[in-house]
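Asks: Sharing input.cif below, mmCIF, C-alpha atoms:
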```cif
data_protein
#
loop_
_atom_site.label_atom_id
_atom_site.label_comp_id
_atom_site.auth_asym_id
_atom_site.auth_seq_id
_atom_site.Cartn_x
_atom_site.Cartn_y
_atom_site.Cartn_z
CA MET A 248 -34.35 -156.84 -125.90
CA ALA A 249 -30.77 -157.55 -124.91
CA LEU A 250 -29.90 -158.33 -128.54
CA THR A 251 -31.56 -155.13 -129.70
CA GLY A 252 -29.72 -153.11 -127.07
CA SER A 253 -26.36 -154.61 -127.98
CA VAL A 254 -26.94 -154.00 -131.69
CA GLY A 255 -28.01 -150.43 -131.03
CA GLY A 256 -25.00 -149.88 -128.80
CA SER A 257 -22.58 -151.22 -131.42
CA VAL A 258 -24.17 -149.06 -134.14
CA ALA A 259 -23.95 -146.00 -131.88
CA ALA A 260 -20.32 -146.80 -131.11
CA LYS A 261 -19.50 -147.10 -134.81
CA SER A 262 -21.35 -143.88 -135.64
CA SER A 263 -19.58 -142.00 -132.86
CA SER A 264 -16.14 -143.30 -133.85
CA ALA A 265 -16.58 -142.56 -137.57
CA PRO A 266 -16.51 -138.75 -137.29
CA ALA A 267 -13.43 -138.89 -135.06
CA GLY A 268 -11.59 -140.99 -137.63
CA THR A 269 -12.77 -138.71 -140.38
CA ARG A 270 -11.51 -135.69 -138.46
CA ARG A 271 -8.11 -137.34 -137.96
CA GLY A 272 -7.92 -138.09 -141.68
CA ASP A 273 -8.88 -134.54 -142.56
CA GLY A 274 -6.18 -133.24 -140.20
CA ARG A 275 -3.50 -135.36 -141.86
CA ALA A 276 -4.62 -134.25 -145.31
CA ALA A 277 -4.67 -130.59 -144.26
CA THR A 278 -1.18 -130.94 -142.78
CA ALA A 279 0.11 -132.54 -145.96
CA PHE A 280 -1.28 -129.69 -148.06
CA LEU A 281 -0.05 -126.95 -145.71
CA LEU A 282 3.40 -128.39 -145.06
CA PRO A 283 5.08 -127.29 -148.34
CA GLY A 284 3.82 -123.74 -147.93
CA ALA A 285 4.83 -123.67 -144.27
CA ILE A 286 8.33 -124.91 -145.10
CA GLY A 287 8.67 -122.31 -147.84
CA PHE A 288 7.49 -119.58 -145.45
CA VAL A 289 10.02 -120.57 -142.81
CA ILE A 290 12.94 -120.85 -145.26
CA PHE A 291 12.25 -117.86 -147.50
CA THR A 292 10.40 -115.44 -145.18
CA ALA A 293 10.69 -116.12 -141.45
CA PHE A 294 14.37 -117.09 -141.41
CA PRO A 295 15.55 -114.10 -143.54
CA ILE A 296 13.56 -111.71 -141.33
CA ILE A 297 15.11 -113.08 -138.15
CA ALA A 298 18.56 -113.24 -139.76
CA SER A 299 18.35 -109.61 -140.89
CA LEU A 300 17.37 -108.54 -137.37
CA VAL A 301 20.37 -110.37 -135.95
CA MET A 302 22.68 -108.90 -138.61
CA SER A 303 21.55 -105.36 -137.78
CA PHE A 304 23.35 -105.65 -134.42
CA PHE A 305 26.65 -106.67 -136.03
CA ASP A 306 29.40 -105.14 -138.08
CA TRP A 307 28.99 -107.79 -140.77
CA PRO A 308 31.40 -107.51 -143.70
CA VAL A 309 31.10 -109.74 -146.76
CA LEU A 310 34.57 -111.09 -146.08
CA GLY A 311 35.77 -111.54 -142.53
CA SER A 312 34.21 -112.30 -139.20
CA PRO A 313 31.15 -110.40 -137.97
CA LYS A 314 31.57 -108.31 -134.82
CA PHE A 315 28.76 -107.59 -132.39
CA ILE A 316 28.27 -103.82 -131.97
CA GLY A 317 24.77 -103.64 -130.47
CA LEU A 318 22.76 -100.59 -131.54
CA GLN A 319 25.71 -98.79 -133.12
CA ASN A 320 24.34 -99.20 -136.67
CA PHE A 321 21.06 -97.56 -135.66
CA VAL A 322 22.85 -94.82 -133.74
CA GLU A 323 24.98 -94.06 -136.79
CA LEU A 324 21.91 -93.89 -139.01
CA PHE A 325 20.14 -91.28 -136.91
CA THR A 326 23.12 -89.24 -135.73
CA THR A 327 26.17 -89.14 -137.99
CA ASP A 328 25.03 -90.44 -141.38
CA PRO A 329 23.94 -87.58 -143.67
CA VAL A 330 23.04 -89.86 -146.58
CA PHE A 331 20.41 -91.66 -144.51
CA LYS A 332 18.73 -88.35 -143.67
CA ASP A 333 18.68 -87.40 -147.35
CA ALA A 334 17.32 -90.82 -148.28
CA LEU A 335 14.60 -90.60 -145.64
CA LEU A 336 13.62 -87.11 -146.80
CA ASN A 337 13.62 -88.12 -150.48
CA THR A 338 11.49 -91.17 -149.74
CA THR A 339 9.02 -89.07 -147.75
CA VAL A 340 8.76 -86.47 -150.52
CA PHE A 341 8.26 -89.23 -153.08
CA VAL A 342 5.45 -90.77 -151.03
CA VAL A 343 3.75 -87.40 -150.43
CA LEU A 344 3.81 -86.60 -154.15
CA TYR A 345 3.24 -90.04 -155.65
CA VAL A 346 0.40 -91.45 -153.56
CA PRO A 347 -2.20 -88.65 -153.96
CA ILE A 348 -1.37 -88.11 -157.64
CA ASN A 349 -1.71 -91.83 -158.31
CA LEU A 350 -5.02 -92.14 -156.46
CA VAL A 351 -6.59 -88.99 -157.91
CA LEU A 352 -5.53 -89.82 -161.46
CA SER A 353 -6.66 -93.43 -161.31
CA MET A 354 -9.98 -92.48 -159.67
CA SER A 355 -10.64 -89.72 -162.22
CA LEU A 356 -9.96 -92.01 -165.17
CA ALA A 357 -12.05 -94.78 -163.62
CA VAL A 358 -14.99 -92.38 -163.32
CA TRP A 359 -14.44 -91.20 -166.89
CA ILE A 360 -14.40 -94.79 -168.20
CA SER A 361 -18.04 -95.26 -167.26
CA PRO A 362 -20.43 -97.70 -168.95
CA ARG A 363 -21.55 -94.84 -171.19
CA ILE A 364 -18.12 -94.63 -172.82
CA ILE A 365 -17.84 -96.59 -176.05
CA GLY A 366 -14.90 -99.00 -176.03
CA ARG A 367 -14.31 -98.78 -172.27
CA ARG A 368 -12.65 -102.21 -172.24
CA TYR A 369 -10.02 -100.98 -174.67
CA TYR A 370 -9.33 -97.93 -172.51
CA ARG A 371 -8.86 -100.22 -169.53
CA VAL A 372 -6.33 -102.31 -171.42
CA LEU A 373 -4.57 -99.21 -172.73
CA PHE A 374 -4.19 -97.65 -169.28
CA PHE A 375 -3.19 -100.95 -167.67
CA ILE A 376 -0.39 -101.72 -170.14
CA PRO A 377 2.29 -99.66 -168.29
CA ALA A 378 1.57 -101.59 -165.07
CA VAL A 379 2.46 -104.92 -166.68
CA THR A 380 5.38 -103.82 -168.83
CA PRO A 381 8.90 -104.20 -167.37
CA MET A 382 9.71 -101.27 -165.12
CA VAL A 383 13.34 -101.22 -166.24
CA GLY A 384 12.29 -100.82 -169.86
CA ASN A 385 9.88 -98.02 -168.96
CA ALA A 386 12.58 -96.24 -166.97
CA VAL A 387 15.02 -96.45 -169.90
CA VAL A 388 12.40 -94.96 -172.23
CA PHE A 389 11.72 -92.11 -169.81
CA ALA A 390 15.46 -91.50 -169.44
CA LEU A 391 15.61 -90.97 -173.20
CA LEU A 392 12.61 -88.63 -173.03
CA TYR A 393 14.13 -86.60 -170.19
CA THR A 394 17.61 -86.26 -171.65
CA PRO A 395 18.70 -82.93 -173.19
CA ASN A 396 17.82 -82.83 -176.90
CA GLY A 397 15.30 -85.60 -176.23
CA LEU A 398 11.64 -85.54 -177.14
CA ILE A 399 10.55 -83.31 -174.25
CA ASP A 400 13.40 -80.85 -174.78
CA SER A 401 12.75 -80.72 -178.53
CA THR A 402 9.04 -80.12 -177.93
CA PHE A 403 9.80 -77.23 -175.58
CA VAL A 404 12.14 -75.68 -178.16
CA SER A 405 9.60 -75.99 -180.98
CA LEU A 406 6.64 -74.67 -178.95
CA PHE A 407 8.18 -72.11 -176.61
CA GLY A 408 11.61 -71.41 -178.08
CA VAL A 409 13.40 -72.40 -174.86
CA HIS A 410 15.01 -75.61 -173.65
CA ALA A 411 13.27 -77.78 -171.13
CA PRO A 412 14.81 -78.13 -167.67
CA ASN A 413 17.55 -80.71 -167.27
CA PHE A 414 15.20 -83.06 -165.48
CA LEU A 415 17.68 -85.75 -164.48
CA GLY A 416 20.62 -83.43 -163.86
CA SER A 417 18.89 -80.87 -161.64
CA ASN A 418 18.49 -81.19 -157.89
CA SER A 419 15.10 -79.50 -158.15
CA TRP A 420 13.69 -81.52 -161.05
CA ALA A 421 15.18 -84.98 -160.61
CA LEU A 422 12.81 -86.27 -157.92
CA PRO A 423 9.64 -84.86 -159.58
CA ALA A 424 10.79 -86.54 -162.81
CA VAL A 425 11.05 -89.86 -160.96
CA VAL A 426 7.57 -89.29 -159.49
CA LEU A 427 6.10 -88.58 -162.93
CA MET A 428 7.57 -91.75 -164.39
CA SER A 429 6.33 -93.77 -161.38
CA VAL A 430 2.79 -92.41 -161.70
CA TRP A 431 2.71 -93.37 -165.38
CA GLN A 432 3.95 -96.84 -164.46
CA GLY A 433 1.62 -97.52 -161.56
CA PHE A 434 -1.77 -95.82 -161.90
CA GLY A 435 -3.25 -98.56 -164.10
CA TYR A 436 -3.61 -101.07 -161.26
CA ASN A 437 -5.59 -98.70 -159.06
CA LEU A 438 -7.66 -97.70 -162.09
CA LEU A 439 -8.87 -101.29 -162.47
CA VAL A 440 -9.62 -101.50 -158.75
CA PHE A 441 -11.71 -98.33 -158.80
CA SER A 442 -13.36 -99.22 -162.11
CA ALA A 443 -14.52 -102.56 -160.72
CA ALA A 444 -15.80 -100.86 -157.57
CA LEU A 445 -17.71 -98.28 -159.62
CA ASP A 446 -19.39 -101.04 -161.61
CA ALA A 447 -20.70 -102.48 -158.33
CA VAL A 448 -22.44 -99.24 -157.29
CA PRO A 449 -26.22 -99.69 -157.76
CA PRO A 450 -27.52 -97.18 -160.34
CA SER A 451 -30.69 -96.76 -158.30
CA LEU A 452 -28.76 -94.85 -155.63
CA THR A 453 -27.46 -92.19 -158.03
CA GLU A 454 -30.86 -92.03 -159.73
CA ALA A 455 -32.52 -91.38 -156.37
CA ALA A 456 -29.97 -88.67 -155.60
CA ALA A 457 -30.62 -87.08 -159.00
CA ILE A 458 -34.36 -87.08 -158.31
CA ASP A 459 -33.64 -85.28 -155.03
CA GLY A 460 -31.83 -82.57 -156.98
CA ALA A 461 -28.20 -83.63 -156.49
CA GLY A 462 -25.89 -82.75 -159.37
CA PRO A 463 -23.15 -85.03 -160.72
CA ALA A 464 -20.50 -83.72 -158.30
CA ARG A 465 -22.81 -84.07 -155.30
CA GLN A 466 -23.82 -87.56 -156.41
CA PHE A 467 -20.19 -88.62 -156.61
CA PHE A 468 -18.98 -87.18 -153.30
CA SER A 469 -22.10 -87.93 -151.24
CA VAL A 470 -23.25 -91.24 -152.71
CA VAL A 471 -20.60 -92.93 -154.86
CA LEU A 472 -17.40 -92.07 -152.99
CA PRO A 473 -18.57 -93.49 -149.61
CA LEU A 474 -19.42 -96.74 -151.40
CA LEU A 475 -15.91 -96.76 -152.88
CA SER A 476 -14.23 -96.28 -149.51
CA PRO A 477 -13.24 -99.97 -149.06
CA SER A 478 -11.58 -99.99 -152.48
CA LEU A 479 -9.98 -96.62 -151.77
CA PHE A 480 -8.63 -97.91 -148.47
CA PHE A 481 -7.23 -101.02 -150.17
CA ALA A 482 -5.57 -98.97 -152.91
CA THR A 483 -4.16 -96.45 -150.43
CA VAL A 484 -2.54 -99.12 -148.25
CA LEU A 485 -0.93 -100.94 -151.16
CA THR A 486 0.18 -97.73 -152.89
CA LEU A 487 1.77 -96.39 -149.71
CA ILE A 488 3.66 -99.61 -149.07
CA SER A 489 4.95 -99.81 -152.64
CA SER A 490 5.94 -96.13 -152.70
CA PHE A 491 8.08 -96.50 -149.58
CA GLN A 492 9.90 -99.33 -151.35
CA VAL A 493 10.68 -97.35 -154.53
CA PHE A 494 14.00 -98.43 -156.01
CA VAL A 495 14.04 -99.29 -159.72
CA GLN A 496 12.90 -95.90 -161.00
CA PRO A 497 15.58 -93.73 -159.36
CA TYR A 498 18.20 -96.44 -159.81
CA ILE A 499 17.73 -96.53 -163.59
CA LEU A 500 16.90 -92.86 -164.18
CA THR A 501 19.43 -91.11 -161.97
CA GLY A 502 21.42 -93.66 -159.99
CA GLY A 503 20.42 -91.70 -156.89
CA GLY A 504 21.83 -88.43 -158.19
CA PRO A 505 22.55 -85.72 -158.81
CA GLY A 506 24.37 -85.99 -155.52
CA ASN A 507 21.83 -87.65 -153.23
CA ALA A 508 18.81 -85.84 -154.67
CA THR A 509 16.97 -89.05 -155.60
CA THR A 510 18.57 -91.57 -153.24
CA THR A 511 15.75 -93.44 -151.49
CA LEU A 512 15.86 -95.73 -148.46
CA VAL A 513 15.82 -98.92 -150.52
CA MET A 514 18.51 -97.55 -152.83
CA TYR A 515 20.69 -96.62 -149.86
CA LEU A 516 20.07 -100.10 -148.45
CA TYR A 517 21.28 -101.58 -151.74
CA GLN A 518 24.33 -99.32 -151.85
CA SER A 519 25.27 -100.10 -148.24
CA GLY A 520 24.92 -103.83 -148.63
CA PHE A 521 26.09 -104.55 -152.16
CA GLN A 522 28.40 -101.66 -153.03
CA PHE A 523 29.97 -100.80 -149.66
CA PHE A 524 29.55 -104.39 -148.35
CA ARG A 525 28.21 -103.28 -144.95
CA LEU A 526 25.60 -105.99 -144.53
CA GLY A 527 24.80 -105.20 -140.91
CA PHE A 528 24.32 -101.51 -141.69
CA ALA A 529 22.07 -102.41 -144.64
CA ALA A 530 20.02 -104.69 -142.37
CA ALA A 531 19.55 -101.79 -139.94
CA ILE A 532 18.23 -99.62 -142.78
CA ALA A 533 15.85 -102.41 -143.76
CA TRP A 534 14.45 -102.64 -140.24
CA VAL A 535 13.99 -98.89 -139.97
CA LEU A 536 12.05 -98.99 -143.24
CA PHE A 537 10.06 -101.99 -142.03
CA ILE A 538 9.08 -100.20 -138.81
CA ILE A 539 8.06 -97.06 -140.71
CA ILE A 540 5.83 -99.06 -143.05
CA MET A 541 4.31 -101.06 -140.20
CA VAL A 542 3.53 -97.95 -138.14
CA ILE A 543 1.92 -96.11 -141.06
CA THR A 544 -0.06 -99.19 -142.11
CA GLY A 545 -1.21 -99.71 -138.53
CA LEU A 546 -2.38 -96.10 -138.31
CA GLN A 547 -4.31 -96.57 -141.54
CA PHE A 548 -6.10 -99.62 -140.16
CA LEU A 549 -6.89 -97.77 -136.94
CA GLY A 550 -8.25 -94.79 -138.85
CA GLN A 551 -10.34 -96.74 -141.31
CA LYS A 552 -13.22 -96.97 -138.84
CA LYS A 553 -13.85 -93.25 -139.31
CA TRP A 554 -14.16 -93.16 -143.08
CA VAL A 555 -14.39 -96.68 -144.53
CA HIS A 556 -17.97 -97.92 -144.92
CA TYR A 557 -18.51 -101.63 -145.56
CA ASP A 558 -22.32 -101.53 -145.45
#
```
The structure in this file should be written as structure tokens.
Replies:
Amino acid sequence: MALTGSVGGSVAAKSSSAPAGTRRGDGRAATAFLLPGAIGFVIFTAFPIIASLVMSFFDWPVLGSPKFIGLQNFVELFTTDPVFKDALLNTTVFVVLYVPINLVLSMSLAVWISPRIIGRRYYRVLFFIPAVTPMVGNAVVFALLYTPNGLIDSTFVSLFGVHAPNFLGSNSWALPAVVLMSVWQGFGYNLLVFSAALDAVPPSLTEAAAIDGAGPARQFFSVVLPLLSPSLFFATVLTLISSFQVFVQPYILTGGGPGNATTTLVMYLYQSGFQFFRLGFAAAIAWVLFIIIMVITGLQFLGQKKWVHYD
């Protein structure tokens, strides 16, 4: 009996110690796998964020010693800097125009490319091509289309007998021209998101709605669209964030002009930091933009409970 008890006790001790050792081994392995990513995050993400916040409180020239000035950069942005106000307004107008046009166009095309369409996979590839082509190249092509005596101007002359507006040289047309080019560049990604979500909608639901007398429009808005709300929320968040960070399109098409008509927040950040060499001022612009994006994204997540349906 004593021998049996001792053997049982030793077996129990071994069995109880084995999981603990296994857990310690798993912890070391997990740490080894996570360590490279954690180091990269600290070096390339966390440290630059903290450094930019510190720089925003300094007059930090490229050459020379930085000087602590507190909130003076932020005060200058919101009180005496007219370019910042123009950049903030231009960015807001771009977002208000670009986001709904992008979402409506991509959703409409996704609905049109239904399983009943022959060659729908080729349409998907065709519409997605602009999203994966270099944005600089696309902007150069659109600059050639917009220029006087370009394709658009020549088409207007041949069809209507009048010249097209000077899209890139007009204060009224420059920003809408940038929006149009951006929509062409970016709608393909959301189209794939919505197309995949539409494929996941059970046909039995729309068939039941049709039996109840609902037409195609009623089926879409009352049955299909609520089921697409998670995908729509995802696309809206990403599209809003990317639209606030617009830079390449106005930089290539107009250089921020004419005047400041197409200068956006990111472009003004670039000009302040790398053309005027005011690194602290540029860091302040970056943090203002960061706060704007965070607040709007937070409001979207708070509001999703009212219209996003995950069931």
Asks: Which residues would end up in the selection if the PyMOL selection byres ((chain A and resi 508) around 10) were applied here, given that I need the answer as a PyMOL selection string?
Replies: chain A and resi 330+333-334+336-337+415-422+497+501-507+509-511
Asks: Let me know the residues the PyMOL selection byres ((chain A and resi 365-373) around 12) catches in the file above, as a list in words.
Replies: Ser353, Leu356, Ala357, Val358, Trp359, Ile360, Ser361, Pro362, Arg363, Ile364, Phe374, Phe375, Ile376, Pro377, Ala378, Val379, Thr380, Trp431, Phe434, Gly435, Tyr436, Asn437, Leu438, Leu439, Val440, Phe441, Ser442 and Ala443 of chain A
Asks: So, with all atoms listed in the file as the atoms that count, which of A:Gly433, A:Pro329, A:Pro283, A:Pro313 lies closest to A:Leu352?
Replies: A:Gly433
Asks: Give me, please, the distance in Å between atom CA of A:Gly520 and atom CA of A:Lys332, quoted to one decimal.
Replies: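 Going from atom CA of A:Gly520 over to atom CA of A:Lys332, I get 17.4 Å.
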Asks: Given the PyMOL selection byres ((chain A and resi 481) around 12) and the file above, list the residues it selects as a PDB file with C-alpha atoms, in the coordinates of the input.
Replies:
```pdb
ATOM      1  CA  LEU A 350      -5.020 -92.140-156.460  1.00  0.00           C
ATOM      2  CA  TYR A 436      -3.610-101.070-161.260  1.00  0.00           C
ATOM      3  CA  ASN A 437      -5.590 -98.700-159.060  1.00  0.00           C
ATOM      4  CA  VAL A 440      -9.620-101.500-158.750  1.00  0.00           C
ATOM      5  CA  PHE A 441     -11.710 -98.330-158.800  1.00  0.00           C
ATOM      6  CA  ALA A 444     -15.800-100.860-157.570  1.00  0.00           C
ATOM      7  CA  LEU A 475     -15.910 -96.760-152.880  1.00  0.00           C
ATOM      8  CA  SER A 476     -14.230 -96.280-149.510  1.00  0.00           C
ATOM      9  CA  PRO A 477     -13.240 -99.970-149.060  1.00  0.00           C
ATOM     10  CA  SER A 478     -11.580 -99.990-152.480  1.00  0.00           C
ATOM     11  CA  LEU A 479      -9.980 -96.620-151.770  1.00  0.00           C
ATOM     12  CA  PHE A 480      -8.630 -97.910-148.470  1.00  0.00           C
ATOM     13  CA  ALA A 482      -5.570 -98.970-152.910  1.00  0.00           C
ATOM     14  CA  THR A 483      -4.160 -96.450-150.430  1.00  0.00           C
ATOM     15  CA  VAL A 484      -2.540 -99.120-148.250  1.00  0.00           C
ATOM     16  CA  LEU A 485      -0.930-100.940-151.160  1.00  0.00           C
ATOM     17  CA  THR A 486       0.180 -97.730-152.890  1.00  0.00           C
ATOM     18  CA  LEU A 487       1.770 -96.390-149.710  1.00  0.00           C
ATOM     19  CA  ILE A 488       3.660 -99.610-149.070  1.00  0.00           C
ATOM     20  CA  THR A 544      -0.060 -99.190-142.110  1.00  0.00           C
ATOM     21  CA  GLN A 547      -4.310 -96.570-141.540  1.00  0.00           C
ATOM     22  CA  PHE A 548      -6.100 -99.620-140.160  1.00  0.00           C
ATOM     23  CA  GLN A 551     -10.340 -96.740-141.310  1.00  0.00           C
ATOM     24  CA  VAL A 555     -14.390 -96.680-144.530  1.00  0.00           C
TER      25      VAL A 555
END
```
Asks: Between atom CA of A:Gln319 and atom CA of A:Trp307, what distance in Å does the model show, to one decimal?
Replies: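 About the pair atom CA of A:Gln319 and atom CA of A:Trp307: they are 12.3 Å apart.
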Asks: So which residues are close to (24.7, -108.1, -134.1), meaning at most 7 Å away in the file's coordinates with all atoms listed in the file counted, and can you show them as a list in words?
Replies: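 Checking each residue against the 7 Å limit leaves Val301, Met302, Ser303, Phe304, Phe305, Asp306, Lys314, Phe315, Ile316 and Gly317 of chain A.
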Asks: Using only C-alpha atoms, find the one residue out of A:Val535, A:Ala447, A:Val409, A:Ile458 that sits nearest to A:Phe321.
Replies: A:Val535
Asks: Which residue is closest to A:Val495? Choose from A:Gln432, A:Gln522, A:Asn320, A:Ser469 and count all atoms listed in the file.
Replies: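 Among A:Gln432, A:Gln522, A:Asn320, A:Ser469, it is A:Gln432 that comes nearest to A:Val495.
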Asks: Pick out the residues sitting within 8 Å of A:Ser429, and hand them over as an NGL selection string; count all atoms listed in the file, and ignore anything fewer than 4 positions along from it in its own chain.
Replies: :A and (345 or 425 or 433 or 496)
Asks: Please compute the atom CA of A:Leu536-atom CA of A:Leu335 distance, one decimal, in Å.
Replies: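 Atom-to-atom, atom CA of A:Leu536 to atom CA of A:Leu335, that is 9.1 Å.
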